[in-house]
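The structure file protein22.txt is reproduced below (compact mmCIF, C-alpha atoms and all ligand atoms).
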```
# COMPACT_ATOMS: atom_id res chain seq x y z
CA MET A 1 71.70 103.92 -15.52
CA ARG A 2 67.95 103.24 -15.48
CA ASP A 3 65.36 105.16 -17.42
CA THR A 4 63.80 107.44 -14.82
CA GLY A 5 61.11 108.77 -17.11
CA PHE A 6 62.85 111.73 -18.69
CA ARG A 7 61.42 110.98 -22.12
CA TYR A 8 57.91 111.57 -20.83
CA HIS A 9 58.92 114.89 -19.44
CA GLN A 10 60.77 115.93 -22.53
CA SER A 11 57.59 115.40 -24.49
CA MET A 12 55.92 118.03 -22.28
CA GLN A 13 58.60 120.65 -22.70
CA THR A 14 57.83 123.90 -24.46
CA THR A 15 61.36 125.16 -25.13
CA ALA A 16 64.74 123.51 -25.29
CA THR A 17 68.30 124.53 -24.66
CA THR A 18 69.75 125.34 -28.04
CA PRO A 19 73.28 124.19 -28.94
CA GLY A 20 74.33 127.85 -29.10
CA GLN A 21 73.56 128.27 -25.42
CA ALA A 22 76.74 126.46 -24.44
CA SER A 23 78.78 129.38 -25.68
CA ALA A 24 76.71 131.75 -23.54
CA PHE A 25 78.29 130.38 -20.37
CA ARG A 26 80.44 133.00 -18.65
CA THR A 27 82.20 132.80 -15.30
CA TYR A 28 84.90 134.62 -13.41
CA ASP A 29 85.69 131.39 -11.54
CA PRO A 30 88.10 129.29 -13.66
CA ARG A 31 87.28 126.18 -11.58
CA LEU A 32 83.81 126.19 -13.10
CA GLU A 33 85.07 126.00 -16.73
CA PRO A 34 85.81 122.24 -16.84
CA ILE A 35 82.62 121.52 -14.89
CA ALA A 36 80.61 123.55 -17.39
CA ALA A 37 82.19 121.62 -20.26
CA ARG A 38 81.15 118.34 -18.65
CA VAL A 39 77.63 119.56 -17.93
CA MET A 40 77.25 120.71 -21.56
CA ALA A 41 78.51 117.34 -22.78
CA GLY A 42 75.95 115.57 -20.56
CA GLU A 43 78.69 113.96 -18.48
CA ARG A 44 78.31 112.99 -14.83
CA LEU A 45 79.87 115.23 -12.17
CA ASP A 46 81.87 113.81 -9.26
CA ALA A 47 82.40 114.69 -5.60
CA ASN A 48 85.16 117.22 -6.34
CA ASP A 49 82.91 118.97 -8.84
CA GLY A 50 80.22 119.07 -6.17
CA LEU A 51 82.60 120.74 -3.71
CA ALA A 52 83.69 123.26 -6.33
CA LEU A 53 80.03 124.13 -7.03
CA TYR A 54 79.35 124.65 -3.33
CA ARG A 55 82.48 126.78 -2.92
CA SER A 56 82.45 128.86 -6.06
CA PRO A 57 81.92 132.57 -5.47
CA ASP A 58 80.13 132.73 -8.83
CA VAL A 59 76.69 131.57 -7.72
CA LEU A 60 75.07 133.02 -10.83
CA ALA A 61 77.26 130.85 -13.06
CA VAL A 62 76.39 127.78 -10.98
CA GLY A 63 72.73 128.73 -11.35
CA TRP A 64 73.10 129.29 -15.10
CA LEU A 65 74.46 125.78 -15.51
CA ALA A 66 71.70 124.24 -13.40
CA ASN A 67 69.11 126.19 -15.35
CA SER A 68 70.50 124.90 -18.64
CA VAL A 69 70.04 121.32 -17.39
CA ARG A 70 66.56 122.11 -16.10
CA GLU A 71 65.54 123.61 -19.44
CA LYS A 72 66.96 120.64 -21.35
CA MET A 73 64.82 118.33 -19.24
CA HIS A 74 61.62 120.34 -18.82
CA GLY A 75 61.77 123.47 -20.97
CA ASP A 76 59.65 126.08 -19.21
CA VAL A 77 57.25 123.59 -17.68
CA THR A 78 56.92 124.00 -13.92
CA TYR A 79 54.90 121.56 -11.90
CA PHE A 80 52.67 122.05 -8.89
CA ASN A 81 49.93 120.00 -7.30
CA VAL A 82 46.81 120.46 -5.23
CA ASN A 83 47.52 118.58 -2.06
CA ARG A 84 46.72 118.49 1.62
CA HIS A 85 49.05 117.67 4.47
CA ILE A 86 47.74 115.52 7.31
CA ASN A 87 49.89 115.06 10.43
CA PRO A 88 47.96 112.49 12.51
CA THR A 89 50.11 112.85 15.62
CA ASN A 90 52.99 114.95 16.90
CA VAL A 91 53.78 112.53 19.74
CA CYS A 92 57.24 111.14 19.08
CA VAL A 93 59.69 108.89 20.88
CA ALA A 94 62.61 110.51 19.08
CA ALA A 95 63.85 113.79 20.48
CA CYS A 96 65.57 115.12 17.37
CA LYS A 97 67.32 118.43 17.94
CA LEU A 98 66.31 119.53 14.44
CA CYS A 99 62.62 119.31 15.20
CA ALA A 100 60.10 121.74 16.73
CA PHE A 101 57.09 119.58 15.90
CA GLY A 102 57.49 116.43 18.02
CA ARG A 103 56.21 116.17 21.61
CA LYS A 104 56.85 113.54 24.26
CA LYS A 105 53.93 111.37 25.38
CA GLY A 106 52.09 113.18 28.18
CA ASP A 107 53.13 116.67 27.01
CA PRO A 108 50.03 118.91 27.08
CA ALA A 109 50.96 120.20 23.59
CA GLY A 110 50.95 116.65 22.19
CA TYR A 111 48.02 115.55 20.03
CA THR A 112 46.85 112.39 18.33
CA MET A 113 43.90 112.49 15.96
CA ALA A 114 41.08 110.00 16.34
CA LEU A 115 40.57 108.34 12.95
CA GLU A 116 37.30 110.22 12.36
CA GLU A 117 39.14 113.46 13.08
CA ALA A 118 41.88 112.61 10.56
CA TRP A 119 39.27 111.83 7.89
CA GLU A 120 37.43 115.09 8.65
CA THR A 121 40.73 116.99 8.45
CA ALA A 122 41.32 115.44 5.02
CA ALA A 123 38.07 116.94 3.75
CA SER A 124 38.51 120.41 5.26
CA GLY A 125 40.12 123.66 4.31
CA TYR A 126 40.06 123.96 0.55
CA SER A 127 37.29 124.03 -2.00
CA GLU A 128 39.07 122.46 -4.98
CA ALA A 129 39.46 118.70 -5.13
CA VAL A 130 42.88 117.67 -3.87
CA THR A 131 44.78 115.02 -5.82
CA GLU A 132 47.17 114.05 -3.01
CA PHE A 133 47.19 113.50 0.75
CA HIS A 134 50.68 113.93 2.19
CA ILE A 135 50.72 112.09 5.52
CA VAL A 136 53.61 112.18 8.00
CA GLY A 137 53.71 112.23 11.78
CA GLY A 138 55.64 111.49 14.93
CA LEU A 139 56.96 108.08 16.00
CA HIS A 140 54.20 107.41 18.54
CA PRO A 141 55.20 104.94 21.27
CA ASP A 142 51.75 103.26 21.49
CA LEU A 143 49.88 103.64 18.21
CA PRO A 144 49.98 100.28 16.41
CA LEU A 145 50.54 99.80 12.69
CA GLU A 146 46.79 99.06 12.41
CA TYR A 147 45.94 102.67 13.34
CA PHE A 148 47.90 103.92 10.31
CA LEU A 149 46.53 101.21 8.04
CA ASP A 150 42.94 102.03 9.12
CA LEU A 151 43.65 105.73 8.61
CA VAL A 152 44.67 105.10 5.01
CA LYS A 153 41.85 102.59 4.35
CA GLY A 154 39.31 105.13 5.61
CA LEU A 155 40.78 107.83 3.38
CA LYS A 156 40.60 105.58 0.33
CA GLU A 157 36.95 104.71 1.09
CA ARG A 158 36.05 108.38 1.36
CA PHE A 159 38.36 109.80 -1.36
CA PRO A 160 39.04 106.93 -3.80
CA LYS A 161 40.57 109.21 -6.47
CA VAL A 162 43.11 110.86 -4.17
CA HIS A 163 46.70 109.59 -4.18
CA VAL A 164 47.99 108.74 -0.70
CA LYS A 165 51.66 109.69 -0.27
CA ALA A 166 52.28 108.49 3.24
CA PHE A 167 54.94 107.67 5.82
CA THR A 168 58.61 108.49 5.57
CA MET A 169 61.23 105.73 5.50
CA VAL A 170 61.78 106.52 9.20
CA GLU A 171 58.12 105.85 10.01
CA VAL A 172 58.07 102.70 7.87
CA ALA A 173 61.14 101.30 9.69
CA PHE A 174 59.73 102.29 13.10
CA LEU A 175 56.29 100.76 12.48
CA ALA A 176 57.89 97.57 11.11
CA ARG A 177 60.03 97.18 14.22
CA ARG A 178 57.07 97.78 16.55
CA ALA A 179 54.87 95.31 14.65
CA LYS A 180 57.73 92.77 14.55
CA LEU A 181 57.46 92.61 10.77
CA THR A 182 60.04 92.97 8.04
CA ILE A 183 60.17 96.19 6.04
CA GLU A 184 58.73 94.32 3.04
CA GLN A 185 55.84 92.88 5.07
CA THR A 186 55.07 96.32 6.47
CA LEU A 187 55.18 97.93 3.04
CA GLN A 188 52.93 95.19 1.66
CA LYS A 189 50.33 95.91 4.37
CA MET A 190 50.61 99.61 3.60
CA ARG A 191 50.08 98.94 -0.08
CA GLU A 192 47.00 96.79 0.67
CA ALA A 193 45.62 99.59 2.86
CA GLY A 194 45.99 102.08 0.00
CA VAL A 195 49.38 103.78 0.33
CA ASP A 196 50.40 104.77 -3.21
CA SER A 197 53.86 106.30 -2.69
CA MET A 198 56.14 107.74 0.00
CA PRO A 199 57.29 111.24 0.84
CA GLY A 200 60.98 112.04 1.10
CA GLY A 201 61.30 113.07 4.74
CA GLY A 202 63.59 111.76 7.44
CA ALA A 203 66.67 111.56 5.23
CA GLU A 204 68.14 114.68 6.91
CA ILE A 205 71.88 114.27 6.23
CA PHE A 206 73.31 110.77 5.94
CA SER A 207 76.63 111.61 7.67
CA ALA A 208 76.81 109.67 10.97
CA ARG A 209 78.66 112.56 12.62
CA VAL A 210 75.92 115.06 11.78
CA ARG A 211 73.08 112.64 12.51
CA SER A 212 74.48 112.05 16.00
CA ILE A 213 74.02 115.79 16.63
CA ILE A 214 70.71 116.59 14.94
CA CYS A 215 68.71 113.34 15.05
CA ASP A 216 70.50 110.66 17.02
CA HIS A 217 67.27 108.75 17.82
CA LYS A 218 66.39 108.14 14.19
CA ILE A 219 67.40 105.25 11.91
CA ASP A 220 70.84 105.84 10.44
CA GLY A 221 71.51 106.93 6.88
CA ASN A 222 72.12 103.42 5.60
CA GLU A 223 68.81 102.19 6.99
CA TRP A 224 67.00 105.11 5.37
CA LEU A 225 68.60 104.28 2.02
CA GLU A 226 67.95 100.56 2.42
CA THR A 227 64.27 101.13 3.28
CA ALA A 228 63.92 103.33 0.19
CA ARG A 229 65.66 100.69 -1.92
CA LEU A 230 63.24 97.99 -0.68
CA ALA A 231 60.23 100.22 -1.28
CA HIS A 232 61.38 100.94 -4.83
CA LYS A 233 62.02 97.25 -5.51
CA MET A 234 58.40 96.59 -4.48
CA GLY A 235 57.28 99.15 -7.06
CA PHE A 236 56.67 102.18 -4.84
CA LYS A 237 57.84 105.60 -6.00
CA SER A 238 59.19 107.92 -3.32
CA ASN A 239 60.82 111.29 -2.92
CA ALA A 240 64.09 112.16 -1.21
CA THR A 241 65.04 115.16 0.92
CA MET A 242 68.14 116.69 2.45
CA LEU A 243 68.03 118.98 5.48
CA TYR A 244 70.74 121.63 5.15
CA GLY A 245 71.81 124.78 6.94
CA HIS A 246 72.60 123.41 10.42
CA VAL A 247 75.90 121.74 11.41
CA GLU A 248 76.71 119.94 8.17
CA ASN A 249 79.56 120.93 5.86
CA ASP A 250 80.00 120.87 2.08
CA GLU A 251 81.47 117.35 2.17
CA ASP A 252 78.39 116.07 4.05
CA ARG A 253 76.08 117.64 1.47
CA VAL A 254 77.98 116.16 -1.47
CA ASP A 255 78.11 112.76 0.23
CA HIS A 256 74.33 112.87 0.79
CA LEU A 257 73.58 113.73 -2.83
CA LEU A 258 75.91 111.09 -4.24
CA LYS A 259 74.45 108.37 -1.99
CA LEU A 260 70.98 109.22 -3.29
CA ARG A 261 72.29 109.20 -6.86
CA ALA A 262 73.76 105.72 -6.35
CA VAL A 263 70.46 104.28 -5.10
CA GLN A 264 68.65 105.98 -7.96
CA ASP A 265 71.02 104.33 -10.46
CA GLU A 266 69.99 101.02 -8.96
CA THR A 267 66.22 101.47 -8.55
CA GLY A 268 64.99 104.51 -10.50
CA GLY A 269 62.37 104.84 -7.75
CA PHE A 270 62.96 108.44 -6.67
CA GLN A 271 60.77 110.98 -8.38
CA THR A 272 61.80 114.26 -6.83
CA PHE A 273 64.58 115.67 -4.70
CA ILE A 274 63.61 118.33 -2.15
CA PRO A 275 66.33 120.30 -0.35
CA LEU A 276 64.89 121.49 2.98
CA ALA A 277 66.35 124.60 4.62
CA PHE A 278 66.70 124.20 8.38
CA HIS A 279 64.41 126.42 10.50
CA PRO A 280 66.04 126.70 13.94
CA GLU A 281 63.31 128.54 15.87
CA ASN A 282 61.79 126.56 18.78
CA THR A 283 64.36 123.77 18.39
CA PRO A 284 67.32 123.01 20.68
CA LEU A 285 69.48 124.32 17.81
CA ASP A 286 67.89 127.78 17.92
CA HIS A 287 71.31 129.41 18.34
CA LEU A 288 72.03 128.61 14.68
CA PRO A 289 71.34 131.27 12.04
CA VAL A 290 68.69 130.73 9.36
CA THR A 291 69.93 130.02 5.85
CA THR A 292 70.43 132.94 3.47
CA GLY A 293 68.76 133.31 0.09
CA LEU A 294 72.01 132.58 -1.76
CA THR A 295 72.60 129.38 0.22
CA ASP A 296 69.08 128.23 -0.66
CA ILE A 297 69.42 129.08 -4.34
CA ARG A 298 72.85 127.46 -4.59
CA GLN A 299 71.52 124.30 -2.91
CA ILE A 300 68.82 124.00 -5.55
CA ALA A 301 71.38 124.49 -8.33
CA VAL A 302 73.95 122.00 -6.99
CA SER A 303 71.20 119.42 -6.47
CA ARG A 304 70.10 119.79 -10.11
CA LEU A 305 73.68 119.41 -11.33
CA LEU A 306 74.73 116.42 -9.20
CA LEU A 307 71.45 114.48 -9.30
CA ASP A 308 71.56 113.83 -13.04
CA ASN A 309 69.27 110.80 -12.67
CA PHE A 310 66.48 112.57 -10.75
CA ALA A 311 63.71 113.85 -12.99
CA HIS A 312 62.63 116.64 -10.65
CA ILE A 313 64.04 119.17 -8.19
CA LYS A 314 61.41 120.70 -5.94
CA ALA A 315 61.61 124.22 -4.51
CA TYR A 316 59.30 123.65 -1.57
CA TRP A 317 57.81 127.12 -1.18
CA GLN A 318 56.69 126.54 2.41
CA MET A 319 60.27 126.09 3.44
CA LEU A 320 62.03 128.53 1.13
CA THR A 321 59.35 131.27 1.11
CA PRO A 322 57.38 131.88 -2.09
CA LYS A 323 59.88 134.61 -3.11
CA ILE A 324 62.96 132.37 -3.00
CA ALA A 325 61.04 129.43 -4.47
CA GLN A 326 60.09 131.61 -7.43
CA ILE A 327 63.72 132.56 -8.05
CA ALA A 328 64.68 128.88 -7.70
CA LEU A 329 62.66 128.20 -10.86
CA ARG A 330 65.54 129.90 -12.74
CA PHE A 331 68.23 128.00 -10.78
CA GLY A 332 67.34 124.39 -11.51
CA ALA A 333 63.97 123.75 -9.86
CA ASP A 334 61.02 122.56 -11.94
CA ASP A 335 58.46 121.94 -9.17
CA LEU A 336 56.98 124.07 -6.37
CA ASP A 337 55.07 121.35 -4.47
CA GLY A 338 51.48 122.25 -3.78
CA THR A 339 48.66 124.03 -2.06
CA VAL A 340 49.55 122.14 1.17
CA ILE A 341 46.60 123.79 3.00
CA GLU A 342 47.82 123.18 6.54
CA GLU A 343 51.55 122.95 7.23
CA LYS A 344 52.67 122.23 10.79
CA ILE A 345 56.30 121.05 10.82
CA TYR A 346 57.98 124.31 9.72
CA HIS A 347 55.38 126.55 11.27
CA ASP A 348 56.18 125.04 14.67
CA ALA A 349 59.79 125.91 13.80
CA GLY A 350 59.00 129.56 13.14
CA ALA A 351 58.17 129.61 9.42
CA THR A 352 56.33 132.81 8.55
CA THR A 353 55.04 131.66 5.16
CA PRO A 354 51.29 131.16 4.71
CA GLN A 355 50.11 127.66 5.69
CA GLY A 356 48.66 127.10 2.24
CA MET A 357 48.28 128.65 -1.22
CA THR A 358 45.62 128.41 -3.90
CA ARG A 359 46.15 127.12 -7.44
CA LYS A 360 45.85 130.72 -8.59
CA ASP A 361 48.66 131.85 -6.23
CA LEU A 362 50.96 129.07 -7.42
CA CYS A 363 50.23 129.75 -11.10
CA ARG A 364 50.99 133.45 -10.58
CA LEU A 365 54.38 132.69 -9.01
CA ILE A 366 55.25 130.37 -11.88
CA THR A 367 53.98 132.59 -14.68
CA GLU A 368 55.77 135.66 -13.33
CA ALA A 369 59.00 133.65 -13.37
CA GLY A 370 58.46 133.23 -17.13
CA ARG A 371 57.57 129.56 -16.76
CA VAL A 372 54.55 127.52 -17.77
CA PRO A 373 52.49 126.08 -14.88
CA VAL A 374 51.38 122.47 -15.23
CA GLU A 375 49.22 120.94 -12.55
CA ARG A 376 50.40 117.39 -11.94
CA ASP A 377 49.32 114.48 -9.80
CA THR A 378 51.83 112.85 -7.45
CA LEU A 379 53.24 110.69 -10.26
CA TYR A 380 53.68 113.70 -12.59
CA HIS A 381 50.72 113.03 -14.86
CA ALA A 382 49.11 116.25 -16.07
CA VAL A 383 45.81 117.05 -14.34
CA THR A 384 42.87 118.70 -16.05
CA ARG A 385 40.18 120.25 -13.86
CA THR A 386 36.44 120.11 -14.32
CA GLU A 387 34.20 122.25 -12.11
CA ASP A 388 34.50 120.20 -8.91
CA SER A 389 36.75 117.31 -9.84
CA PHE A 390 39.83 116.48 -11.88
CA VAL A 391 40.99 114.17 -14.65
CA VAL A 392 44.49 112.69 -14.74
CA ALA A 393 46.08 112.20 -18.15
CA VAL A 394 47.85 108.83 -18.08
O1 LIG B 1 62.21 114.98 7.57
C1 LIG B 1 61.77 118.92 10.50
C2 LIG B 1 62.23 118.47 8.06
C3 LIG B 1 60.96 116.94 6.99
C4 LIG B 1 62.49 120.93 10.64
O2 LIG B 1 58.16 114.25 -0.23
C5 LIG B 1 62.59 120.50 9.33
O3 LIG B 1 57.03 115.68 -1.36
C6 LIG B 1 63.44 122.49 8.72
O4 LIG B 1 60.05 115.65 4.17
N1 LIG B 1 63.40 122.97 9.98
C7 LIG B 1 59.53 116.54 6.70
N2 LIG B 1 63.06 121.26 8.37
C8 LIG B 1 58.98 117.26 5.47
C9 LIG B 1 59.27 116.56 4.20
C10 LIG B 1 58.61 116.96 2.93
C11 LIG B 1 58.09 118.23 2.78
C12 LIG B 1 57.46 118.56 1.58
C13 LIG B 1 57.34 117.65 0.56
C14 LIG B 1 57.84 116.37 0.73
C15 LIG B 1 57.68 115.37 -0.35
C16 LIG B 1 58.50 116.02 1.91
O5 LIG B 1 60.98 118.23 7.50
C17 LIG B 1 61.72 116.17 8.02
C18 LIG B 1 62.85 117.12 8.32
O6 LIG B 1 63.88 116.96 7.41
N3 LIG B 1 62.15 119.26 9.29
N4 LIG B 1 61.97 119.94 11.37
C19 LIG B 1 62.94 122.23 10.96
N5 LIG B 1 62.95 122.70 12.20
```

Please go through the file and, once you have read it, give me the structure as structure tokens.
Amino acid sequence: MRDTGFRYHQSMQTTATTPGQASAFRTYDPRLEPIAARVMAGERLDANDGLALYRSPDVLAVGWLANSVREKMHGDVTYFNVNRHINPTNVCVAACKLCAFGRKKGDPAGYTMALEEAWETAASGYSEAVTEFHIVGGLHPDLPLEYFLDLVKGLKERFPKVHVKAFTMVEVAFLARRAKLTIEQTLQKMREAGVDSMPGGGAEIFSARVRSIICDHKIDGNEWLETARLAHKMGFKSNATMLYGHVENDEDRVDHLLKLRAVQDETGGFQTFIPLAFHPENTPLDHLPVTTGLTDIRQIAVSRLLLDNFAHIKAYWQMLTPKIAQIALRFGADDLDGTVIEEKIYHDAGATTPQGMTRKDLCRLITEAGRVPVERDTLYHAVTRTEDSFVVAV
């Protein structure tokens, strides 16, 4: 297994799991006992363990175990960042049933930002200096790769200190195909333009059966994993996501997590795993119910327990609601994501959370959960703020 940077994070921890904590584990589900013993011994869990964790009625015990791992890795430290989302276009050739954001070309609700508009958007909406631009958008049938490269170049000229986390593996593969370039050539051009790392979107669920229902126009799971693998081999860090709470089953979820774990063993390039709860409103799957709080909390916990080689599990507050995200900080999550400022993808799908939060709001959520807020940059270096700028400790 590769070193994925845990030592760095351990050095930032403020408390640690004491040996005596192992004996504090209590469950009324006997199937959890051997799993707990393996977790306490630092041993890897397998697919059957994953299924047992998803199916156990004792969600609190599952959460206790995940929390013990989280505290071993990070103590009370909980990360957040000051970021801004930019979605340059919602025009998309794919018609994924999971999505309420994408529009067909010619749809009056479709939009595509002129480059100047995208750069102005980057500067708007929040008074504190952002450390990250998070850029994702639709698979536009006509916009060439150069549009996206110029977008990033212009951002870097205007905001040289801001990390650009841009383009999901799905967008990278789509733009490569359109430009008749290999994935590596496309990633190289992106790097030269100023892309620093990649977000984790588009992974959805790797199961071919489920993908054929929720996103049959997207690259398949193997292509997503292969694109991530290539990006990591070129030195990019990326995140990984899983969309849950639609038509997938427990086996699909376990399969997804273990496939990510296998790539991470190979590359060490994933920083953070982000489980994304499906929002059905305004999608063709709007007959499906929304996820419950316990499903969300359990998903965070199982992710922490199975993904033993991922440094971070993110409770994305936009998706989970700030209330559930706060509770998730006691069930395995060590990161809340960021200020976001202007979220479109879930709000088009009926999310009722605010579109952004301030540093103060995020710190309050974290502190009230009994954790210690640490502002980070995209690569998990601690950030110190001066009056109108920031310093990254590297
Ligand atoms: O890939 C789309 C999901 C993802 C819906 O890397 C939906 O730091 C729920 O990946 N209901 C994009 N989910 C967002 C994403 C992300 C978010 C925050 C942080 C990071 C990161 C990445 O949103 C898509 C898809 O899985 N999505 N539509 C919906 N109706």

Pick out the residues no farther than 8 Å from ligand LIG 1 (chain B), counting only C-alpha atoms and all ligand atoms, and list them as number ranges by chain. A: 98-101, 134, 136, 165, 168, 198-204, 238-243, 272-274, 276-283, 316, 319, 337, 345-346, 348-350

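Excluding Ile35 in chain A itself and any same-chain residue fewer than 5 positions from it, the protein and nucleic acid residues within 10 Å of it, counting only C-alpha atoms, are A:Pro30, A:Met40, A:Ala41, A:Glu43, A:Arg44, A:Leu45, A:Asp46, A:Asn48, A:Asp49, A:Gly50, A:Ala52, A:Leu53, A:Val62, A:Leu65, A:Leu305.
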
Atoms kept (C-alpha atoms) for selection, written as a compact mmCIF listing (two decimals), keeping the file's coordinate frame:
```txt
# COMPACT_ATOMS: atom_id res chain seq x y z
CA PRO A 30 88.10 129.29 -13.66
CA MET A 40 77.25 120.71 -21.56
CA ALA A 41 78.51 117.34 -22.78
CA GLU A 43 78.69 113.96 -18.48
CA ARG A 44 78.31 112.99 -14.83
CA LEU A 45 79.87 115.23 -12.17
CA ASP A 46 81.87 113.81 -9.26
CA ASN A 48 85.16 117.22 -6.34
CA ASP A 49 82.91 118.97 -8.84
CA GLY A 50 80.22 119.07 -6.17
CA ALA A 52 83.69 123.26 -6.33
CA LEU A 53 80.03 124.13 -7.03
CA VAL A 62 76.39 127.78 -10.98
CA LEU A 65 74.46 125.78 -15.51
CA LEU A 305 73.68 119.41 -11.33
```

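Picture a line from CA of Gly42 in chain A to CA of Leu379 in chain A; it runs 25.4 Å.
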
Which is closest to Ile341 in chain A among A:Asn87, A:Asn309, A:Lys72, A:Pro34, if we use only C-alpha atoms? A:Asn87

Within 12 Å of (72.2, 117.3, 12.1), in the coordinates the file gives, what residues turn up when you count all atoms listed in the file, written out as a PyMOL selection string? chain A and resi 96-99+202-218+220-221+242-249+252-253+277-278+280+283-285+288

CA of Leu145 in chain A to CA of Lys180 in chain A: how many Å, to one decimal? 10.2 Å

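Of note, CA of Pro57 in chain A and CA of His256 in chain A are spaced 22.0 Å apart.
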
Shortest contact to His163 in chain A, candidates A:Arg229, A:Arg364, A:Arg376, A:His140, atoms counted all atoms listed in the file, goes to A:Arg376

Grab all the atoms of range 106-118 of chain A that the file lists, wrap them in a box along x, y and z, add 3 Å per side, and give me centre plus edge lengths in Å (one decimal) as AutoDock Vina command-line options.
```
--center_x 45.2 --center_y 114.3 --center_z 19.4 --size_x 21.8 --size_y 17.9 --size_z 23.6
```
